[in-house]
Amino acid sequence: MYVRPVAAAVAAVLGLTLTLGGPGTAVSAVGDPVRLVGAPVVYAHRGASAYAPENTLAAVDLAADMGVEWVENDVQRTKDGELVVVHDDTLTRTTNVKKLFPDRKPWRVKDFTAAEIARLDAGSWFDARFTGERVPTLRAYLDRVDANQQRLLLEIKKPELYPGIEKETLDVLERAGWLDRGHVTRRLVVQSFSADSVRSVHAQRPELVTAFLGTPAVADLARYAEFSDRINPWHTTISADWVTAVHQVRGPHGKALEVDTWIVDDPTTARKVQDMGVDGIISNAPDVVREATGGF
């Protein structure tokens with residue numbers, strides 16, 4: 001794991017071991033969490049998507065080459081029930097679906113079979129060098145992240161379109177070996193913009209770390225803390241006072257709620273949200289953010 005030199009030095013002096021038990025934290029010799037102020041975790045948004053086509057295995061691998069351990073992705077469901085990694089609920093922006101299937105407007109993910117989606121080129125829209133990249137299945141994506149020894153911030157995308165997708169996602173995670181103790185405690189977070197979806201995941205697998213995407217009012221934080229360990233807001237919607245208020249609330253596992261903000265790609269904004277006290281920064285350009293903040 002990449003750790004900024006200052007954080008590593010502080011940990012050594014204090015007798016701490018850096019872990020990913022909580023973003024921006026270390027663990028003392030007796031196992032107590034200690035926050036390393038100013039050392040945010042950096043997440044590669046849809047992989048290193050500033051440099052490779054989003055949500056592809058190429059973007060995952062590039063993040064790994066950069067030394068970025070955490071990657072974020074989006075999960076949706078095909079017509080025949082396969083879970084695939086793609087952001088939009090239509091396939092038009094990031095694939096050649098219009099060319100291969102010109103009569104299938106509006107080209108929604110849920111209207112295509114897994115075999116049909118597997119035929120699509122998900123790379124050339126970004127750069128000709130990535131021609132032939134595919135929309136990965138969730139299982140293939142998990143296997144690659146695991147092979148790279150990376151960690152995953154998994155987003156259940158638009159669950160209102162896919163009733164039951166929470167259980168199906170958990171089933172795939174189970175079959176892929178991602179619900180053992182090692183993955184659950186150190187390598188996996190499940191998030192969604194839907195509070196109901198996050199609540200469902202927590203109810204089915206309460207040991208999992210979960211995150212709600214949004215910026216709830218401070219008065220509502222206790223309600224979200226019943227089922228969510230993290231509150232992950234858009235960076236334009238937060239302040240230092242709001243971040244402090246979130247940290248004062250304890251989540252379902254008895255720990256202070258954490259804040260991972262998105263999408264930050266430039267050094268100035270990265271340092272701004274770092275100064276607000278966020279625990280993590282989700283970025284298309286994780287190398288830029290890491291360099292600006294000294295994050296890991």
# chains A, B, ... in the order shown; residues from 1 in each chain; ligands from 1

call {"tool": "residues_around", "arguments": {"residues": "segment 160-175 of chain A", "least_positions_apart": "4", "cutoff": "7 Å", "atoms": "only C-alpha atoms", "output": "list in words"}}
result
Arg77, Arg139, Leu179, Ser197, Ser200 and Val201 of chain A

call {"tool": "write_last_selection", "arguments": {"atoms": "N, CA and C atoms", "output": "PDB file, in the first residue's frame"}}
result
ATOM      1  N   ARG A  77     -27.933  -4.711 -13.834  1.00  0.00           N
ATOM      2  CA  ARG A  77     -28.353  -6.076 -14.166  1.00  0.00           C
ATOM      3  C   ARG A  77     -28.851  -6.164 -15.606  1.00  0.00           C
ATOM      4  N   ARG A 139     -18.598 -10.560 -11.675  1.00  0.00           N
ATOM      5  CA  ARG A 139     -17.699 -11.631 -11.241  1.00  0.00           C
ATOM      6  C   ARG A 139     -16.301 -11.453 -11.834  1.00  0.00           C
ATOM      7  N   LEU A 179     -17.038 -12.320   0.723  1.00  0.00           N
ATOM      8  CA  LEU A 179     -17.743 -12.100   1.982  1.00  0.00           C
ATOM      9  C   LEU A 179     -17.088 -12.847   3.145  1.00  0.00           C
ATOM     10  N   SER A 197     -31.795   0.864  -0.541  1.00  0.00           N
ATOM     11  CA  SER A 197     -30.859  -0.152  -1.002  1.00  0.00           C
ATOM     12  C   SER A 197     -29.766  -0.399   0.028  1.00  0.00           C
ATOM     13  N   SER A 200     -31.188  -2.299   2.848  1.00  0.00           N
ATOM     14  CA  SER A 200     -31.380  -3.707   2.499  1.00  0.00           C
ATOM     15  C   SER A 200     -30.080  -4.496   2.614  1.00  0.00           C
ATOM     16  N   VAL A 201     -28.999  -3.927   2.120  1.00  0.00           N
ATOM     17  CA  VAL A 201     -27.700  -4.596   2.222  1.00  0.00           C
ATOM     18  C   VAL A 201     -27.326  -4.794   3.686  1.00  0.00           C
TER      19      VAL A 201
END

call {"tool": "residues_around", "arguments": {"residues": "Pro136 of chain A", "least_positions_apart": "4", "cutoff": "8 Å", "atoms": "only C-alpha atoms", "output": "PyMOL selection string"}}
result
chain A and resi 55-57+84-85+118+140-141

call {"tool": "write_last_selection", "arguments": {"atoms": "N, CA, C and O atoms", "output": "compact mmCIF listing (two decimals), in the first residue's frame"}}
result
# COMPACT_ATOMS: atom_id res chain seq x y z
N ASN A 55 -14.85 1.88 -15.71
CA ASN A 55 -15.47 0.61 -15.33
C ASN A 55 -15.01 -0.57 -16.16
O ASN A 55 -15.68 -1.60 -16.22
N THR A 56 -13.84 -0.45 -16.81
CA THR A 56 -13.28 -1.58 -17.53
C THR A 56 -12.14 -2.19 -16.72
O THR A 56 -11.61 -1.57 -15.79
N LEU A 57 -11.74 -3.39 -17.11
CA LEU A 57 -10.61 -4.02 -16.43
C LEU A 57 -9.32 -3.25 -16.69
O LEU A 57 -8.42 -3.24 -15.85
N VAL A 84 -23.51 -6.69 -14.26
CA VAL A 84 -22.41 -6.14 -15.06
C VAL A 84 -21.97 -4.81 -14.48
O VAL A 84 -22.71 -4.16 -13.73
N VAL A 85 -20.76 -4.41 -14.83
CA VAL A 85 -20.18 -3.19 -14.28
C VAL A 85 -20.27 -2.09 -15.35
O VAL A 85 -19.52 -2.09 -16.33
N ALA A 118 -21.69 -8.55 -23.90
CA ALA A 118 -20.32 -9.03 -24.01
C ALA A 118 -19.72 -8.77 -25.40
O ALA A 118 -18.49 -8.76 -25.56
N ALA A 140 -16.22 -11.13 -13.11
CA ALA A 140 -14.91 -10.91 -13.73
C ALA A 140 -14.20 -9.73 -13.10
O ALA A 140 -12.98 -9.76 -12.88
N TYR A 141 -14.96 -8.70 -12.78
CA TYR A 141 -14.40 -7.50 -12.15
C TYR A 141 -13.84 -7.85 -10.77
O TYR A 141 -12.72 -7.46 -10.42

call {"tool": "closest_residue", "arguments": {"among": "A:Ala115, A:Ala58, A:Ala50, A:Leu100", "to": "Asp266 of chain A", "atoms": "only C-alpha atoms"}}
result
A:Ala50

call {"tool": "closest_residue", "arguments": {"among": "A:Arg223, A:Arg93, A:Arg290, A:Arg46", "to": "Val75 of chain A", "atoms": "only C-alpha atoms"}}
result
A:Arg46

call {"tool": "residues_around", "arguments": {"residues": "Ile281 of chain A", "least_positions_apart": "5", "cutoff": "7 Å", "atoms": "only C-alpha atoms", "output": "PyMOL selection string"}}
result
chain A and resi 40-43+260-262+264

call {"tool": "closest_residue", "arguments": {"among": "A:His253, A:Arg205, A:His247, A:His235", "to": "Gln274 of chain A", "atoms": "only C-alpha atoms"}}
result
A:His235

call {"tool": "residues_around", "arguments": {"residues": "Asp89 of chain A", "least_positions_apart": "3", "cutoff": "8 Å", "atoms": "only C-alpha atoms", "output": "list of chain:residue names"}}
result
A:Gln76, A:Val86, A:Arg108, A:Val109, A:Lys110, A:Lys158

call {"tool": "closest_residue", "arguments": {"among": "A:Glu155, A:Ala52, A:Phe112, A:Ala195", "to": "Arg129 of chain A", "atoms": "only C-alpha atoms"}}
result
A:Ala52

call {"tool": "closest_residue", "arguments": {"among": "A:Gly280, A:Pro252, A:Glu291, A:Ala114", "to": "Trp234 of chain A", "atoms": "only C-alpha atoms"}}
result
A:Gly280
